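Q: One file: my_file_28.txt (compact mmCIF, C-alpha atoms and all ligand atoms).
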```txt
# COMPACT_ATOMS: atom_id res chain seq x y z
CA MET E 120 -78.83 102.46 82.46
CA PRO E 121 -81.71 101.11 84.60
CA GLU E 122 -81.35 97.69 86.19
CA VAL E 123 -81.69 94.95 83.59
CA ASN E 124 -84.62 93.44 85.46
CA THR E 125 -86.78 96.57 85.21
CA ARG E 126 -90.14 95.55 83.81
CA TRP E 127 -92.09 97.75 81.44
CA ASP E 128 -95.70 97.33 80.27
CA ILE E 129 -96.92 99.13 77.17
CA PHE E 130 -100.65 99.23 76.48
CA CYS E 131 -102.00 99.79 72.99
CA THR E 132 -105.57 99.93 71.79
CA VAL E 133 -105.77 99.92 68.03
CA VAL E 134 -108.15 102.79 67.31
CA ASP E 135 -107.85 102.37 63.57
CA ASN E 136 -105.23 101.77 60.89
CA TYR E 137 -101.66 100.95 61.90
CA GLY E 138 -100.19 103.96 63.69
CA ASP E 139 -101.10 102.94 67.24
CA ILE E 140 -99.53 99.52 66.92
CA GLY E 141 -96.79 100.88 64.63
CA VAL E 142 -95.53 103.29 67.25
CA THR E 143 -95.85 100.98 70.27
CA TRP E 144 -94.23 98.01 68.52
CA ARG E 145 -91.32 100.15 67.42
CA LEU E 146 -90.90 101.52 70.95
CA ALA E 147 -91.17 98.08 72.60
CA ARG E 148 -88.52 96.60 70.32
CA GLN E 149 -86.16 99.46 70.92
CA LEU E 150 -86.50 99.32 74.70
CA VAL E 151 -85.54 95.65 74.53
CA ALA E 152 -82.79 95.91 71.91
CA GLU E 153 -81.08 99.06 73.13
CA HIS E 154 -81.92 99.24 76.83
CA SER E 155 -82.13 95.53 77.77
CA LEU E 156 -85.52 96.00 79.41
CA ALA E 157 -88.17 93.35 79.95
CA VAL E 158 -91.11 94.63 77.95
CA ARG E 159 -94.66 93.36 77.65
CA LEU E 160 -96.72 94.88 74.86
CA TRP E 161 -100.46 94.57 75.43
CA VAL E 162 -102.41 94.90 72.17
CA ASP E 163 -106.14 94.48 71.65
CA ASP E 164 -105.96 93.73 67.90
CA LEU E 165 -103.39 91.21 66.70
CA ARG E 166 -104.65 91.33 63.11
CA ALA E 167 -103.59 94.96 62.73
CA PHE E 168 -100.27 93.97 64.32
CA GLU E 169 -99.83 91.12 61.84
CA ARG E 170 -100.01 93.57 58.91
CA ILE E 171 -96.84 95.37 59.98
CA CYS E 172 -95.21 92.26 61.51
CA PRO E 173 -96.26 89.08 59.66
CA ASP E 174 -94.54 86.87 62.27
CA ILE E 175 -97.35 87.57 64.71
CA ASP E 176 -99.48 84.56 65.59
CA VAL E 177 -102.94 86.10 65.71
CA ASN E 178 -104.25 83.19 67.78
CA ALA E 179 -101.67 83.39 70.55
CA ALA E 180 -102.60 85.14 73.77
CA GLN E 181 -98.91 85.33 74.60
CA GLN E 182 -95.86 85.15 72.36
CA SER E 183 -92.32 86.42 72.14
CA GLN E 184 -91.39 88.59 69.17
CA GLN E 185 -87.89 90.02 68.86
CA GLY E 186 -87.48 89.82 72.61
CA VAL E 187 -90.77 91.57 73.32
CA GLU E 188 -93.44 89.65 75.20
CA VAL E 189 -96.52 90.31 73.12
CA ARG E 190 -99.80 89.85 75.01
CA LEU E 191 -103.28 89.94 73.64
CA TRP E 192 -105.16 92.52 75.69
CA PRO E 193 -108.27 90.47 76.40
CA SER E 194 -111.71 91.97 76.88
CA GLU E 195 -111.92 90.00 80.14
CA TRP E 196 -108.79 91.08 82.00
CA ALA E 197 -106.99 88.37 83.99
CA GLN E 198 -105.15 89.25 87.19
CA THR E 199 -101.58 90.40 86.40
CA ASP E 200 -98.81 92.03 88.40
CA ALA E 201 -98.13 95.63 87.45
CA ALA E 202 -94.74 96.49 85.96
CA ASP E 203 -92.20 99.08 87.18
CA VAL E 204 -93.01 101.39 84.30
CA VAL E 205 -96.43 101.50 82.67
CA ILE E 206 -97.00 103.25 79.37
CA ALA E 207 -100.53 103.90 78.17
CA ALA E 208 -100.21 104.78 74.52
CA PHE E 209 -102.34 107.57 73.13
CA ALA E 210 -104.46 107.98 76.27
CA CYS E 211 -105.83 104.45 76.18
CA GLN E 212 -107.77 103.45 79.28
CA LEU E 213 -106.03 100.73 81.33
CA PRO E 214 -108.07 97.82 82.71
CA SER E 215 -109.35 98.78 86.16
CA ASP E 216 -107.94 95.58 87.72
CA TYR E 217 -104.53 96.52 86.35
CA MET E 218 -104.85 100.00 87.86
CA ASP E 219 -105.59 98.36 91.19
CA ALA E 220 -102.51 96.17 90.74
CA MET E 221 -100.47 99.35 90.15
CA ALA E 222 -101.85 100.90 93.31
CA ALA E 223 -101.21 97.71 95.29
CA ARG E 224 -97.48 97.79 94.61
CA GLU E 225 -95.24 98.71 97.50
CA LYS E 226 -93.55 101.28 95.30
CA PRO E 227 -95.99 102.72 92.76
CA PRO E 228 -94.90 102.35 89.15
CA LEU E 229 -93.99 105.21 86.87
CA TRP E 230 -97.21 105.59 84.88
CA MET E 231 -97.02 107.57 81.68
CA ASN E 232 -99.33 108.53 78.91
CA LEU E 233 -97.43 108.45 75.64
CA ASP E 234 -99.21 111.17 73.72
CA TYR E 235 -99.76 111.95 70.05
CA LEU E 236 -97.02 113.71 68.17
CA SER E 237 -97.43 117.43 67.63
CA ALA E 238 -95.09 120.29 66.76
CA GLU E 239 -97.23 122.82 68.61
CA ASP E 240 -95.42 124.95 71.18
CA TRP E 241 -97.71 124.08 74.08
CA VAL E 242 -96.32 120.54 74.00
CA ILE E 243 -93.05 121.77 75.50
CA GLY E 244 -94.88 123.20 78.51
CA CYS E 245 -96.95 120.06 79.07
CA HIS E 246 -94.29 117.39 78.56
CA GLY E 247 -93.54 115.68 81.89
CA LEU E 248 -96.42 117.31 83.77
CA PRO E 249 -98.66 115.30 86.09
CA SER E 250 -101.97 114.15 84.66
CA VAL E 251 -104.65 112.28 86.66
CA LYS E 252 -103.98 110.27 89.79
CA TYR E 253 -105.35 106.82 90.62
CA LYS E 254 -105.12 106.17 94.34
CA SER E 255 -101.38 106.57 95.05
CA VAL E 256 -100.35 106.36 91.42
CA GLN E 257 -99.68 109.54 89.48
CA LYS E 258 -99.93 109.57 85.71
CA ILE E 259 -97.46 111.71 83.76
CA PHE E 260 -97.82 113.24 80.30
CA PHE E 261 -95.01 112.20 77.98
CA PHE E 262 -95.04 114.10 74.70
CA PRO E 263 -92.99 113.19 71.66
CA GLY E 264 -91.88 116.22 69.70
CA PHE E 265 -89.45 118.01 67.46
CA GLN E 266 -88.08 120.61 69.82
CA PRO E 267 -85.86 120.54 72.88
CA GLY E 268 -88.01 120.14 75.96
CA THR E 269 -90.15 117.40 74.38
CA GLY E 270 -89.71 113.62 74.44
CA GLY E 271 -88.20 113.55 70.92
CA LEU E 272 -88.93 111.08 68.14
CA LEU E 273 -88.56 107.32 67.84
CA ARG E 274 -85.21 106.66 66.18
CA GLU E 275 -83.31 103.43 66.46
CA ARG E 276 -79.59 103.52 67.14
CA GLY E 277 -77.58 103.80 63.91
CA LEU E 278 -80.70 104.40 61.81
CA LEU E 279 -79.40 107.47 59.99
CA GLU E 280 -76.05 105.87 59.23
CA GLN E 281 -77.83 102.78 57.83
CA ARG E 282 -80.08 104.97 55.75
CA GLN E 283 -77.20 107.02 54.35
CA GLN E 284 -75.20 103.91 53.48
CA PHE E 285 -78.18 102.39 51.72
CA GLN E 286 -78.81 105.55 49.74
CA LEU E 287 -75.18 105.52 48.60
CA ASP E 288 -75.50 101.93 47.38
CA PRO E 289 -77.43 101.69 44.09
CA GLU E 290 -76.99 97.92 43.93
CA ALA E 291 -78.50 97.36 47.40
CA GLN E 292 -81.42 99.56 46.35
CA ARG E 293 -81.86 97.72 43.07
CA GLN E 294 -81.95 94.38 44.87
CA PHE E 295 -84.38 95.62 47.48
CA LEU E 296 -86.72 97.06 44.87
CA GLN E 297 -86.45 93.94 42.77
CA GLY E 298 -87.59 91.93 45.79
CA LEU E 299 -90.80 93.94 45.68
CA GLY E 300 -91.14 93.47 41.94
CA ILE E 301 -90.06 97.04 41.18
CA ASP E 302 -87.90 97.68 38.16
CA ARG E 303 -86.77 101.27 38.42
CA ALA E 304 -86.10 103.10 35.18
CA PRO E 305 -82.90 105.13 35.77
CA GLU E 306 -84.39 108.42 34.59
CA ALA E 307 -87.70 108.06 36.47
CA GLN E 308 -88.44 109.81 39.73
CA LEU E 309 -89.55 107.25 42.28
CA ILE E 310 -92.47 108.33 44.45
CA SER E 311 -94.15 106.41 47.24
CA LEU E 312 -97.77 107.14 48.09
CA PHE E 313 -99.25 106.18 51.46
CA ALA E 314 -102.29 108.30 52.27
CA TYR E 315 -105.93 108.32 53.29
CA GLU E 316 -108.65 108.75 50.67
CA ASN E 317 -107.85 112.04 48.95
CA ALA E 318 -109.88 113.90 46.33
CA GLY E 319 -106.79 115.96 45.50
CA LEU E 320 -104.94 112.96 44.10
CA ALA E 321 -106.30 113.17 40.55
CA SER E 322 -104.82 116.63 39.98
CA TRP E 323 -101.40 115.38 41.07
CA LEU E 324 -101.52 112.33 38.79
CA ASP E 325 -102.69 114.57 35.93
CA VAL E 326 -99.50 116.64 36.11
CA LEU E 327 -97.23 113.65 36.74
CA ALA E 328 -98.59 112.01 33.59
CA VAL E 329 -97.53 114.91 31.39
CA ASP E 330 -94.28 115.76 33.16
CA ALA E 331 -91.12 115.79 31.05
CA THR E 332 -89.51 113.64 33.76
CA PRO E 333 -91.11 110.21 33.97
CA ALA E 334 -92.46 109.15 37.35
CA HIS E 335 -92.87 105.71 38.89
CA LEU E 336 -95.53 105.87 41.58
CA LEU E 337 -95.46 103.10 44.19
CA VAL E 338 -98.68 102.69 46.13
CA PRO E 339 -98.74 100.27 49.06
CA GLU E 340 -102.13 98.59 49.46
CA GLY E 341 -104.38 100.84 51.48
CA ARG E 342 -107.04 103.48 51.64
CA ILE E 343 -105.91 105.64 48.70
CA LEU E 344 -106.24 102.79 46.19
CA GLY E 345 -109.84 103.69 45.34
CA ASP E 346 -108.78 107.17 44.21
CA VAL E 347 -105.89 105.72 42.23
CA ALA E 348 -108.19 103.21 40.50
CA ARG E 349 -110.72 105.93 39.68
CA TRP E 350 -108.05 108.08 38.06
CA LEU E 351 -106.71 105.14 36.08
CA GLY E 352 -110.24 104.21 35.05
CA VAL E 353 -109.94 100.62 36.25
CA GLU E 354 -112.27 98.58 38.45
CA THR E 355 -109.66 96.96 40.65
CA LEU E 356 -105.98 97.23 41.28
CA THR E 357 -103.90 94.18 41.95
CA VAL E 358 -100.53 94.06 43.65
CA GLY E 359 -97.69 94.10 41.15
CA ALA E 360 -99.63 95.23 38.08
CA ILE E 361 -98.15 98.30 36.40
CA HIS E 362 -100.46 100.84 34.76
CA VAL E 363 -98.83 103.22 32.32
CA ARG E 364 -100.35 106.63 31.59
CA GLN E 365 -98.06 108.72 29.39
CA SER E 366 -94.96 109.44 31.49
CA LEU E 367 -96.45 107.98 34.68
CA ASN E 368 -96.15 104.36 35.81
CA VAL E 369 -98.41 103.38 38.67
CA GLN E 370 -97.62 100.21 40.61
CA VAL E 371 -99.43 98.80 43.62
CA LEU E 372 -97.19 97.26 46.25
CA PRO E 373 -97.95 94.73 48.92
CA PHE E 374 -98.11 96.11 52.43
CA VAL E 375 -94.66 95.21 53.73
CA ARG E 376 -93.15 94.79 57.18
CA GLN E 377 -92.07 97.95 58.98
CA ASP E 378 -88.35 97.72 58.27
CA GLN E 379 -88.99 97.04 54.60
CA TYR E 380 -91.19 100.09 54.46
CA ASP E 381 -88.24 102.13 55.74
CA HIS E 382 -86.11 100.84 52.89
CA LEU E 383 -88.82 101.77 50.43
CA LEU E 384 -88.86 105.33 51.78
CA TRP E 385 -85.07 105.47 51.53
CA CYS E 386 -85.18 104.45 47.85
CA CYS E 387 -87.74 107.04 46.79
CA ASP E 388 -87.08 110.57 45.62
CA PHE E 389 -90.32 111.73 47.20
CA ASN E 390 -92.53 110.16 49.85
CA ALA E 391 -96.17 110.86 50.57
CA VAL E 392 -96.96 109.60 54.06
CA ARG E 393 -99.71 109.88 56.62
CA GLY E 394 -100.66 109.57 60.31
CA GLU E 395 -97.79 109.58 62.74
CA ASP E 396 -95.27 106.78 62.34
CA SER E 397 -94.80 106.86 58.55
CA PHE E 398 -94.62 110.64 58.85
CA VAL E 399 -91.61 110.33 61.17
CA ARG E 400 -90.01 107.60 59.08
CA ALA E 401 -90.18 109.78 55.96
CA GLN E 402 -88.30 112.46 57.87
CA TRP E 403 -85.56 109.97 58.67
CA ALA E 404 -85.39 109.14 54.95
CA GLY E 405 -84.01 112.65 54.35
CA ARG E 406 -85.99 113.16 51.15
CA PRO E 407 -88.69 115.69 50.23
CA MET E 408 -92.06 114.55 51.47
CA LEU E 409 -95.75 115.24 51.76
CA TRP E 410 -97.87 114.59 54.84
CA HIS E 411 -101.51 113.57 54.87
CA ILE E 412 -102.33 114.42 58.45
CA TYR E 413 -104.89 112.36 60.39
CA GLN E 414 -108.15 114.31 60.55
CA GLN E 415 -109.46 115.32 63.94
CA ASP E 416 -112.67 116.89 65.18
CA GLU E 417 -113.07 120.63 64.80
CA ASP E 418 -110.13 120.66 62.40
CA ILE E 419 -107.61 120.80 65.23
CA HIS E 420 -105.26 118.81 63.01
CA LEU E 421 -104.81 121.94 60.90
CA ASP E 422 -103.06 123.68 63.81
CA LYS E 423 -100.75 120.68 64.08
CA LEU E 424 -100.05 120.82 60.37
CA ASP E 425 -99.19 124.51 60.47
CA ALA E 426 -97.04 124.10 63.56
CA PHE E 427 -94.98 121.44 61.83
CA LEU E 428 -94.74 123.41 58.60
CA ALA E 429 -93.49 126.44 60.50
CA LEU E 430 -90.59 124.41 61.86
CA TYR E 431 -89.90 122.33 58.78
CA THR E 432 -89.84 125.24 56.32
CA LYS E 433 -87.94 127.62 58.57
CA GLY E 434 -84.67 127.33 56.66
CA LEU E 435 -86.23 127.61 53.20
CA SER E 436 -86.33 130.66 50.93
CA PRO E 437 -89.72 132.42 51.08
CA ALA E 438 -90.67 131.11 47.63
CA ALA E 439 -89.80 127.49 48.45
CA ALA E 440 -91.55 127.74 51.83
CA GLU E 441 -94.65 129.11 50.15
CA ALA E 442 -94.65 126.23 47.65
CA MET E 443 -94.32 123.65 50.44
CA ASN E 444 -97.00 125.27 52.56
CA GLY E 445 -99.35 125.35 49.59
CA LEU E 446 -98.69 121.73 48.69
CA TRP E 447 -99.08 120.33 52.20
CA ARG E 448 -102.14 122.36 53.13
CA ALA E 449 -103.97 121.56 49.91
CA TRP E 450 -103.17 117.83 50.21
CA SER E 451 -104.46 117.55 53.75
CA ALA E 452 -107.60 119.45 52.76
CA GLY E 453 -108.22 117.08 49.82
CA GLN E 454 -107.89 119.95 47.33
CA PRO E 455 -106.16 119.81 43.93
CA ILE E 456 -102.38 119.88 44.28
CA GLY E 457 -101.24 119.80 40.65
CA ASP E 458 -100.19 123.47 40.59
CA HIS E 459 -98.63 123.25 44.04
CA TRP E 460 -96.63 120.24 42.91
CA LEU E 461 -95.32 122.14 39.90
CA ALA E 462 -94.47 125.12 42.11
CA SER E 463 -92.60 122.83 44.51
CA ARG E 464 -90.67 121.17 41.69
CA LYS E 465 -89.12 124.56 40.87
CA HIS E 466 -87.34 124.45 44.23
CA TRP E 467 -86.33 120.81 44.15
CA PRO E 468 -82.61 121.06 45.07
CA GLU E 469 -83.51 123.36 47.95
CA LEU E 470 -86.22 121.01 49.18
CA GLN E 471 -83.83 118.07 48.98
CA GLU E 472 -81.19 119.91 50.95
CA ASN E 473 -83.75 120.99 53.53
CA ALA E 474 -85.03 117.43 54.00
CA GLU E 475 -81.54 116.13 54.75
CA LYS E 476 -80.72 119.06 57.00
CA TRP E 477 -83.97 118.67 58.95
CA CYS E 478 -83.29 114.96 59.38
CA LEU E 479 -79.78 115.52 60.68
CA GLU E 480 -80.93 118.28 63.04
CA GLN E 481 -83.67 116.06 64.45
CA GLY E 482 -81.13 113.26 64.76
CA LEU E 483 -79.18 115.38 67.26
CA GLN E 484 -82.01 115.14 69.80
CA ALA E 485 -82.24 112.25 72.23
CA ASP E 486 -84.54 109.62 70.72
CA LEU E 487 -87.87 108.91 72.37
CA ALA E 488 -86.93 105.51 73.84
CA ALA E 489 -83.75 106.94 75.39
CA ALA E 490 -85.74 109.92 76.67
CA LEU E 491 -88.25 107.61 78.35
CA VAL E 492 -85.49 105.62 80.01
CA GLN E 493 -83.82 108.83 81.16
CA PHE E 494 -87.14 110.07 82.50
CA TYR E 495 -87.46 106.88 84.53
CA LEU E 496 -83.90 107.21 85.84
CA ASN E 497 -84.59 110.77 86.98
CA TRP E 498 -87.82 109.64 88.59
CA ILE E 499 -86.50 106.75 90.74
O1 LIG N 1 -101.94 103.88 59.66
P1 LIG N 1 -101.95 105.28 60.11
O2 LIG N 1 -102.95 106.15 59.51
O3 LIG N 1 -102.12 105.25 61.65
C1 LIG N 1 -102.60 106.11 62.62
C2 LIG N 1 -103.87 105.64 63.19
O4 LIG N 1 -104.92 105.97 62.34
C3 LIG N 1 -104.07 106.23 64.54
O5 LIG N 1 -105.32 105.98 65.06
C4 LIG N 1 -103.78 107.69 64.51
O6 LIG N 1 -103.81 108.12 65.78
C5 LIG N 1 -102.43 107.95 63.92
O7 LIG N 1 -102.37 107.41 62.61
C6 LIG N 1 -102.06 109.38 63.90
O8 LIG N 1 -100.50 105.96 59.82
P2 LIG N 1 -99.07 105.73 60.48
O9 LIG N 1 -99.03 106.36 61.83
O10 LIG N 1 -98.11 106.21 59.52
O11 LIG N 1 -98.92 104.18 60.66
C7 LIG N 1 -98.67 103.31 59.60
C8 LIG N 1 -97.77 102.18 60.04
O12 LIG N 1 -97.74 101.17 59.06
C9 LIG N 1 -96.33 102.64 60.25
O13 LIG N 1 -95.79 102.01 61.39
C10 LIG N 1 -95.62 102.13 59.03
C11 LIG N 1 -96.38 100.88 58.74
N1 LIG N 1 -96.32 100.39 57.36
C12 LIG N 1 -95.78 99.14 57.15
O14 LIG N 1 -95.29 98.50 58.10
N2 LIG N 1 -95.76 98.65 55.88
C13 LIG N 1 -96.25 99.34 54.82
O15 LIG N 1 -96.20 98.83 53.68
C14 LIG N 1 -96.79 100.63 55.05
C15 LIG N 1 -97.32 101.43 53.90
C16 LIG N 1 -96.81 101.12 56.34
```
Represent the structure contained in this file as structure tokens.

A:
Amino acid sequence: MPEVNTRWDIFCTVVDNYGDIGVTWRLARQLVAEHSLAVRLWVDDLRAFERICPDIDVNAAQQSQQGVEVRLWPSEWAQTDAADVVIAAFACQLPSDYMDAMAAREKPPLWMNLDYLSAEDWVIGCHGLPSVKYKSVQKIFFFPGFQPGTGGLLRERGLLEQRQQFQLDPEAQRQFLQGLGIDRAPEAQLISLFAYENAGLASWLDVLAVDATPAHLLVPEGRILGDVARWLGVETLTVGAIHVRQSLNVQVLPFVRQDQYDHLLWCCDFNAVRGEDSFVRAQWAGRPMLWHIYQQDEDIHLDKLDAFLALYTKGLSPAAAEAMNGLWRAWSAGQPIGDHWLASRKHWPELQENAEKWCLEQGLQADLAAALVQFYLNWI
């Protein structure tokens, strides 16, 4: 373990949505809770932060949250000492005065860029390599990932045990769902839907509505709501209201705090997720899932999608792998997925088993926070 008084600074610019703050907040908390580090989290958008952590005071330039010193990253930077370890999340540009403070230290800090998550093979070769240098301070690439040789995934201590216990406890699930106003019919498949706008949604809801097995679709407030409303033929959707279409119940949920969102994923039979952090959390839920990948220029996200699919479907029969590939690729391309959904349903027990197996396999890797701490220990 590093000395207790090691100071870490994490910098986060909120580019859009909640993934940037979602990842950095999760990491900051874990470094404090599990590694007893002094962590400052610099964030330039407290309103986005407040959505995933309602305790945030959006007017406070400085506040303590769960042991993390949360700092508003002001547009006019004020002189601050540099920490022992500096993490720039997702290649965000540090204030130039802060870079000078890093360079002015007697012993330069460990400066890392925490990169985006990708399953592509090149990540293994680039993880831990030097990036740019500022005066005497060398920046290092730190890549999360799914394979040995990467920085791993964010996973709190005991998370999988907690998840498994919760999934074995129908009463705890019932109470949790009730707290969100969800009354689960015993025979219904519970599906959560967190995604960007997606033209392929209608085809999925079409088949869910006529499925012999009823479905209860839970949609946290967010960007997909317009597509849901269009399919339902309603002007607006309000939190809590339930819309019934044949065998499909559609219910809009409030956007909940991060740990509650985990519990929601753990309750559902199937989770549609997006971006980066919810994508990882759905993997820890150990249930079949669908990923709406974040779109990037020149379609480079499609390589990321295929790289993940190659790993995730490795243990599946060819027919089940084909169904999954079809479903995921069509969804991220905004194409109809109704037929792909039906094809995937034919392999349900296999997909369930694979989801749990994948989760447990990933759980054997060092988690990202522990890997960062270990990296620092090797570096000093
Ligand atoms: O919100 P996202 O799309 O975020 C990002 C950003 O767009 C970012 O710029 C991009 O680089 C990245 O995706 C890939 O998806 P993500 O990553 O899943 O983040 C959502 C966060 O919101 C995650 O921490 C879970 C949290 N969340 C809640 O706390 N409560 C909720 O009810 C829901 C639905 C999500």

Q: Tell me which protein, DNA and RNA residues are within 12 Å of E:Ala452, counting all atoms listed in the file, leaving out same-chain ones fewer than 3 positions away, and put them as a list in words.

A: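 Residues near the query, excluding close chain neighbours: Tyr315, Glu316, Asn317, Ala318, Gly319, Leu320, Trp410, His411, Ile412, Tyr413, Gln414, Asp418, His420, Leu421, Leu424, Gly445, Leu446, Trp447, Arg448, Ala449, Pro455 and Ile456 of chain E.
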
Q: Give me the residues of stretch 357-449 of chain E that have any atom at most 8 Å from an atom of stretch 287-301 of chain E; for each, the nearest atom pair and the distance in Å, rounded to one decimal. Use only C-alpha atoms, sort by chain and number, and format it as a Markdown table.

A:
```
| residue | atom | partner | partner_atom | distance |
| --- | --- | --- | --- | --- |
| E:Gly359 | CA | E:Gly300 | CA | 6.6 |
| E:Leu372 | CA | E:Leu299 | CA | 7.2 |
| E:Pro373 | CA | E:Leu299 | CA | 7.9 |
| E:His382 | CA | E:Phe295 | CA | 7.7 |
| E:Leu383 | CA | E:Leu296 | CA | 7.6 |
| E:Cys386 | CA | E:Gln292 | CA | 6.3 |
```

Q: Considering all atoms listed in the file, state which residue in the set E:Lys258, E:Arg400, E:Lys423, E:His335 is at the smallest distance from E:Glu306.

A: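 That would be E:His335, the residue with the smallest distance to E:Glu306.
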
Q: Any chance you could tabulate, as a tab-separated table, the residues of chain E at most 9 Å from ligand LIG 1 (chain N) with each one's nearest atom pair and distance in Å to one decimal, using only C-alpha atoms and all ligand atoms, in chain and rising number order?

A:
```
residue	atom	partner	partner_atom	distance
E:Val133	CA	N:LIG1	O5	6.8
E:Val134	CA	N:LIG1	O5	4.8
E:Asp135	CA	N:LIG1	O5	4.7
E:Asn136	CA	N:LIG1	O1	4.1
E:Tyr137	CA	N:LIG1	O1	3.7
E:Gly138	CA	N:LIG1	O3	3.1
E:Asp139	CA	N:LIG1	C3	5.2
E:Ile140	CA	N:LIG1	O13	7.1
E:Gly141	CA	N:LIG1	O13	3.6
E:Val142	CA	N:LIG1	O13	6.0
E:Thr143	CA	N:LIG1	O13	8.9
E:Trp144	CA	N:LIG1	O13	8.3
E:Arg145	CA	N:LIG1	O13	7.7
E:Arg170	CA	N:LIG1	O14	6.9
E:Ile171	CA	N:LIG1	O14	4.0
E:Cys172	CA	N:LIG1	O14	7.1
E:Phe209	CA	N:LIG1	O6	7.5
E:Tyr235	CA	N:LIG1	O6	7.0
E:Leu236	CA	N:LIG1	C6	7.9
E:Ser311	CA	N:LIG1	C15	8.9
E:Leu312	CA	N:LIG1	C15	8.2
E:Phe313	CA	N:LIG1	C15	5.7
E:Ala314	CA	N:LIG1	O2	7.6
E:Tyr315	CA	N:LIG1	O2	7.2
E:Val338	CA	N:LIG1	C15	8.0
E:Pro339	CA	N:LIG1	C15	5.2
E:Glu340	CA	N:LIG1	C15	7.1
E:Gly341	CA	N:LIG1	C15	7.5
E:Leu372	CA	N:LIG1	O15	7.7
E:Pro373	CA	N:LIG1	O15	6.5
E:Phe374	CA	N:LIG1	O15	3.6
E:Val375	CA	N:LIG1	O15	3.9
E:Arg376	CA	N:LIG1	O14	4.4
E:Gln377	CA	N:LIG1	O14	3.4
E:Asp378	CA	N:LIG1	O14	7.0
E:Gln379	CA	N:LIG1	N2	7.1
E:Tyr380	CA	N:LIG1	N2	5.0
E:Asp381	CA	N:LIG1	C10	8.1
E:Leu383	CA	N:LIG1	O15	8.6
E:Val392	CA	N:LIG1	O10	6.5
E:Arg393	CA	N:LIG1	O10	4.9
E:Gly394	CA	N:LIG1	O7	3.6
E:Glu395	CA	N:LIG1	O9	3.6
E:Asp396	CA	N:LIG1	O9	3.8
E:Ser397	CA	N:LIG1	O10	3.5
E:Phe398	CA	N:LIG1	O10	5.7
E:Val399	CA	N:LIG1	O10	7.9
E:Arg400	CA	N:LIG1	C10	7.8
E:His411	CA	N:LIG1	O2	8.9
E:Ile412	CA	N:LIG1	C6	7.4
E:Tyr413	CA	N:LIG1	C6	5.4
E:Gln414	CA	N:LIG1	C6	8.5
```

Q: Would you list the contacts of E:Asp174 as a list in words, taking every protein, DNA or RNA residue within 10 Å and counting all atoms listed in the file, but skipping same-chain residues closer than 5 positions in sequence?

A: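 Residues meeting the cut-off are Phe168, Glu169, Gln184, Gln185 and Arg376 of chain E.
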
Q: Up to 8 Å from (-87.2, 103.8, 75.6) in the file's coordinates: name the residues, counting only C-alpha atoms, as a PyMOL selection string.

A: chain E and resi 146-147+149-150+154+487-492

Q: Hey, can you check how far atom CA of E:Phe285 sits from atom CA of E:Arg464?

A: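 Separation between atom CA of E:Phe285 and atom CA of E:Arg464: 24.7 Å.
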
Q: Determine the nearest neighbour of E:Ala222 from the options E:His246, E:Lys476, E:Lys252, E:Arg148, counting all atoms listed in the file.

A: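 Of E:His246, E:Lys476, E:Lys252, E:Arg148, the one nearest E:Ala222 is E:Lys252, counting all atoms listed in the file.
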
Q: With 6 Å on each side, where is the centre of the axis-aligned box around all listed atoms of stretch 189-195 of chain E, and how long are its edges in Å to one decimal, as JSON?

A:
```
{"center_x": -104.2, "center_y": 91.2, "center_z": 76.6, "size_x": 27.4, "size_y": 14.7, "size_z": 19.0}
```

Q: Between atom CA of E:Val326 and atom CA of E:Leu461, measure the distance and give it in Å to one decimal.

A: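 Going from atom CA of E:Val326 over to atom CA of E:Leu461 covers 7.9 Å.
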
Q: Rounded to one decimal, what separation in Å do you get between atom CA of E:Phe389 and atom CA of E:Phe262?

A: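 Those two atoms sit 28.0 Å apart.
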
Q: Can you list, as a list in words, every protein, DNA or RNA residue that comes within 12 Å of E:Glu480 when you count all atoms listed in the file, leaving out same-chain residues fewer than 2 positions away?

A: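 In the requested form, the answer reads Phe265, Gln266, Pro267, Gly271, Leu272, Leu279, Gln402, Trp403, Gly405, Leu430, Tyr431, Gly434, Asn473, Ala474, Glu475, Lys476, Trp477, Cys478, Gly482, Leu483, Gln484 and Ala485 of chain E.
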
Q: Identify which of the residues E:Ala442, E:Cys211, E:Leu336, E:Leu409 lies closest to E:Cys131, counting all atoms listed in the file when measuring atom-to-atom distances.

A: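 Using all atoms listed in the file, the shortest distance to E:Cys131 belongs to E:Cys211.
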
Q: Rank E:Asn368, E:Asn444, E:Gln212, E:Gln286 by their smallest atom-to-atom distance to E:Thr332, using all atoms listed in the file, and report the top residue only.

A: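 That would be E:Asn368, the residue with the smallest distance to E:Thr332.
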
Q: Counting all atoms listed in the file, figure out which residue out of E:Asn232, E:Trp161, E:Asp486, E:Leu384 gets nearest to E:Arg276.

A: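 Closest candidate: E:Asp486.
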